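Quick notes on the structure that follows.
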Amino acid sequence: MAALQPSTLPVPVTPRRLTARALLLGERIDTVGLERSEMISTNPLAFRVGGHGEVVLFRYGVAVLFDLSPVEEDEVLRGLRPRILAPFDRYEDETATIEIVAEGEELIAPGGPIVVRDLSPPRLLVIADAMAKNLALTRDEREVSRVFETIEPFAVELARDGRLPAKRRQVVRTIGQALLTQHRVSGRIEVEEKPDILWDHPQFERLYARLADEYEVKERAAALARKLRIISETTSVLTDLIDTGRSLRLEATIVALIVVEVVILLYELFLRAPR
């Protein structure tokens, strides 16, 4: 009887799955002094947590947590709370599933997991950068849409009647809100810039390009820039109209004072003259 030979077929390796969670915590995160022994990167600041978790912090207010348990996540957020500048009352978050397959092609399927060969520091930072920009863009888009909703009634009334609404203080407040949003959104992140890690590891540019396409980062950034230009032009027009209205009122006041002065002078000349 022939002896059984050991199977030479490859043993299938079960892919490892983990969850990455991006949270928008506030306007800024102060990362100065957070360096520690488990550091992965200094820009952006990234470090290990627990047995297999990682955290990546972006100064524009986003933290990306990889494979953290609920307890570890709570501890990280509690430690970050004093360092969050202008914290939001409600954190915005988005999750992604990462599938680690040692053999095979790296891919990002629409609506599916992010498939990578490993979660080395360069890959970790590239994924974190794309997720953080996506989350920040989502909030910026909502803020800009809110400004549009506020400005639209003024534009409709201006087109219909040809003049500014009577509530000028509200118009000025709206202009201030639009300018503040424009400053905050344009200064929050540099979406068009690639992550710094790609300068040292250009082999991961393809992964970043796929992630940017999946999140439509460039297209959304371009649309956001167009909306910001419209807001800037609209606020400039409203400001000019307010200044013009004030100039006209000032000129009318000056003319009225001149008329009053002339009337008083005529009164003194003709009515009070001796007969």
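Following the order of the structure tokens, chains are lettered A, B, ..., residues in each are numbered from 1, and ligands are numbered from 1.
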Can I get the residues of region 46-92 of chain A within 10 Å of region 21-37 of chain A, each with the closest pair of atoms and their distance in Å to one decimal, using only C-alpha atoms, sorted chain first then ascending number, as a tab-separated table?
```
residue	atom	partner	partner_atom	distance
A:Ala46	CA	A:Glu35	CA	8.8
A:Phe47	CA	A:Arg36	CA	7.5
A:Arg48	CA	A:Ser37	CA	9.0
A:Val55	CA	A:Arg21	CA	9.6
A:Val56	CA	A:Ala22	CA	9.2
A:Leu57	CA	A:Thr31	CA	7.6
A:Phe58	CA	A:Ile29	CA	7.0
A:Arg59	CA	A:Ile29	CA	4.8
A:Tyr60	CA	A:Arg28	CA	4.7
A:Gly61	CA	A:Arg28	CA	4.3
A:Val62	CA	A:Leu24	CA	4.5
A:Ala63	CA	A:Leu23	CA	5.3
A:Val64	CA	A:Ala22	CA	4.2
A:Leu65	CA	A:Arg21	CA	5.1
A:Phe66	CA	A:Arg21	CA	6.5
A:Asp67	CA	A:Arg21	CA	8.4
A:Leu68	CA	A:Arg21	CA	8.9
A:Glu73	CA	A:Arg21	CA	9.8
A:Leu77	CA	A:Leu25	CA	9.0
A:Leu80	CA	A:Ile29	CA	8.0
A:Arg81	CA	A:Leu25	CA	8.6
A:Pro82	CA	A:Asp30	CA	8.9
A:Arg83	CA	A:Asp30	CA	5.1
A:Ile84	CA	A:Ile29	CA	4.7
A:Leu85	CA	A:Arg28	CA	5.0
A:Ala86	CA	A:Gly26	CA	5.5
A:Pro87	CA	A:Gly26	CA	4.0
A:Phe88	CA	A:Gly26	CA	5.1
A:Asp89	CA	A:Gly26	CA	8.7
A:Arg90	CA	A:Leu25	CA	8.0
A:Tyr91	CA	A:Leu25	CA	5.4
A:Glu92	CA	A:Leu24	CA	5.2
```
Exercise for review: Fewer than 3 positions away in the same chain doesn't count, so skip those; otherwise give me all residues within 12 Å of Arg142 (chain A), counting only C-alpha atoms, as a ChimeraX atom specification.
Suggested key: /A:92,135-139,145-149,181,185,220,224,227
Exercise for review: Going by DSSP on the backbone, which bits of region 43-231 of chain A are helix (DSSP H, G or I)? Write them as a PyMOL selection string, please.
Suggested key: chain A and resi 70-83+121-161+168-188+197-200+202-215+217-231
Apply DSSP to the backbone of this structure and, from region 57-231 of chain A, keep only the residues in strand (DSSP E or B); write these as a short mmCIF file (atom, residue, chain, number, x, y, z; two decimals) with N, CA, C and O atoms, in the first residue's frame.
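Contents of states_21.cif, as written:
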```
data_model
loop_
_atom_site.label_atom_id
_atom_site.label_comp_id
_atom_site.auth_asym_id
_atom_site.auth_seq_id
_atom_site.Cartn_x
_atom_site.Cartn_y
_atom_site.Cartn_z
N LEU A 57 -2.64 61.72 14.02
CA LEU A 57 -3.26 63.00 14.35
C LEU A 57 -2.88 64.06 13.31
O LEU A 57 -1.71 64.19 12.94
N PHE A 58 -3.88 64.80 12.85
CA PHE A 58 -3.67 65.88 11.91
C PHE A 58 -4.01 67.20 12.59
O PHE A 58 -5.05 67.30 13.27
N VAL A 62 -8.34 66.40 12.87
CA VAL A 62 -8.79 65.03 12.60
C VAL A 62 -7.85 64.03 13.26
O VAL A 62 -6.62 64.18 13.20
N ALA A 63 -8.43 63.02 13.88
CA ALA A 63 -7.69 61.87 14.41
C ALA A 63 -8.17 60.62 13.71
O ALA A 63 -9.39 60.41 13.57
N VAL A 64 -7.25 59.81 13.23
CA VAL A 64 -7.60 58.55 12.56
C VAL A 64 -7.09 57.41 13.45
O VAL A 64 -5.90 57.33 13.76
N LEU A 65 -8.01 56.53 13.85
CA LEU A 65 -7.71 55.45 14.78
C LEU A 65 -7.77 54.12 14.05
O LEU A 65 -8.78 53.81 13.40
N PHE A 66 -6.71 53.35 14.15
CA PHE A 66 -6.63 52.05 13.48
C PHE A 66 -6.67 50.92 14.50
O PHE A 66 -5.82 50.85 15.40
N ILE A 84 -7.56 69.90 22.08
CA ILE A 84 -8.42 70.25 20.96
C ILE A 84 -8.82 71.72 21.06
O ILE A 84 -9.40 72.15 22.07
N LEU A 85 -8.49 72.50 20.06
CA LEU A 85 -8.85 73.91 20.03
C LEU A 85 -10.19 74.07 19.31
O LEU A 85 -10.38 73.53 18.23
N ALA A 86 -11.11 74.82 19.94
CA ALA A 86 -12.47 74.99 19.41
C ALA A 86 -13.12 73.64 19.15
O ALA A 86 -13.47 73.32 18.00
N PRO A 87 -13.28 72.81 20.19
CA PRO A 87 -13.85 71.47 19.97
C PRO A 87 -15.30 71.55 19.53
O PRO A 87 -16.03 72.49 19.89
N PHE A 88 -15.72 70.59 18.75
CA PHE A 88 -17.09 70.54 18.28
C PHE A 88 -17.96 69.84 19.33
O PHE A 88 -17.50 68.94 20.03
N ASP A 89 -19.20 70.28 19.42
CA ASP A 89 -20.11 69.65 20.38
C ASP A 89 -20.37 68.19 20.03
O ASP A 89 -20.56 67.35 20.90
N ARG A 90 -20.34 67.92 18.72
CA ARG A 90 -20.59 66.55 18.27
C ARG A 90 -19.51 66.16 17.28
O ARG A 90 -19.30 66.84 16.28
N TYR A 91 -18.82 65.07 17.58
CA TYR A 91 -17.75 64.62 16.70
C TYR A 91 -18.35 64.03 15.42
O TYR A 91 -19.34 63.30 15.46
N GLU A 92 -17.73 64.36 14.30
CA GLU A 92 -18.08 63.72 13.04
C GLU A 92 -17.09 62.59 12.80
O GLU A 92 -15.90 62.72 13.08
N ASP A 93 -17.59 61.49 12.26
CA ASP A 93 -16.70 60.35 12.07
C ASP A 93 -17.06 59.60 10.80
O ASP A 93 -18.14 59.75 10.25
N GLU A 94 -16.11 58.82 10.35
CA GLU A 94 -16.30 57.94 9.19
C GLU A 94 -15.38 56.75 9.37
O GLU A 94 -14.24 56.88 9.83
N THR A 95 -15.86 55.58 9.01
CA THR A 95 -15.09 54.36 9.18
C THR A 95 -14.78 53.72 7.83
O THR A 95 -15.48 53.94 6.84
N ALA A 96 -13.72 52.94 7.82
CA ALA A 96 -13.34 52.17 6.63
C ALA A 96 -12.80 50.84 7.10
O ALA A 96 -12.16 50.74 8.15
N THR A 97 -13.07 49.81 6.31
CA THR A 97 -12.55 48.48 6.60
C THR A 97 -11.28 48.25 5.79
O THR A 97 -11.25 48.50 4.58
N ILE A 98 -10.25 47.82 6.47
CA ILE A 98 -8.97 47.53 5.82
C ILE A 98 -8.74 46.03 5.86
O ILE A 98 -8.84 45.40 6.91
N GLU A 99 -8.46 45.47 4.70
CA GLU A 99 -8.22 44.04 4.57
C GLU A 99 -6.76 43.82 4.17
O GLU A 99 -6.32 44.33 3.14
N ILE A 100 -6.04 43.09 5.00
CA ILE A 100 -4.62 42.84 4.76
C ILE A 100 -4.46 41.47 4.14
O ILE A 100 -4.77 40.45 4.76
N LEU A 107 -6.04 47.00 -3.87
CA LEU A 107 -7.14 47.65 -4.59
C LEU A 107 -8.09 48.29 -3.61
O LEU A 107 -8.14 47.95 -2.42
N ILE A 108 -8.84 49.26 -4.12
CA ILE A 108 -9.88 49.94 -3.36
C ILE A 108 -11.15 49.82 -4.17
O ILE A 108 -11.37 50.56 -5.14
N ILE A 114 -10.54 48.44 1.87
CA ILE A 114 -9.25 48.87 1.33
C ILE A 114 -8.30 47.68 1.47
O ILE A 114 -7.94 47.30 2.58
N VAL A 115 -7.93 47.08 0.35
CA VAL A 115 -7.11 45.87 0.36
C VAL A 115 -5.65 46.26 0.18
O VAL A 115 -5.29 46.89 -0.83
N VAL A 116 -4.81 45.90 1.15
CA VAL A 116 -3.37 46.19 1.09
C VAL A 116 -2.59 44.94 1.48
O VAL A 116 -3.13 44.02 2.10
#
```
Check your understanding: To one decimal place, how far is CA of Ala155 (chain A) from CA of Ile231 (chain A) in Å?
Key -> 11.5 Å
**Study point:** Å distance separating CA of Leu238 (chain A) from CA of Val144 (chain A), one decimal place
**Key:**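 Here the two named atoms are 17.4 Å from each other.
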Practice item. Can you work out which one of A:Glu214, A:Glu72, A:Glu54, A:Glu38 has the shortest atom-to-atom distance to Ser120 (chain A), counting only C-alpha atoms? Key: A:Glu54
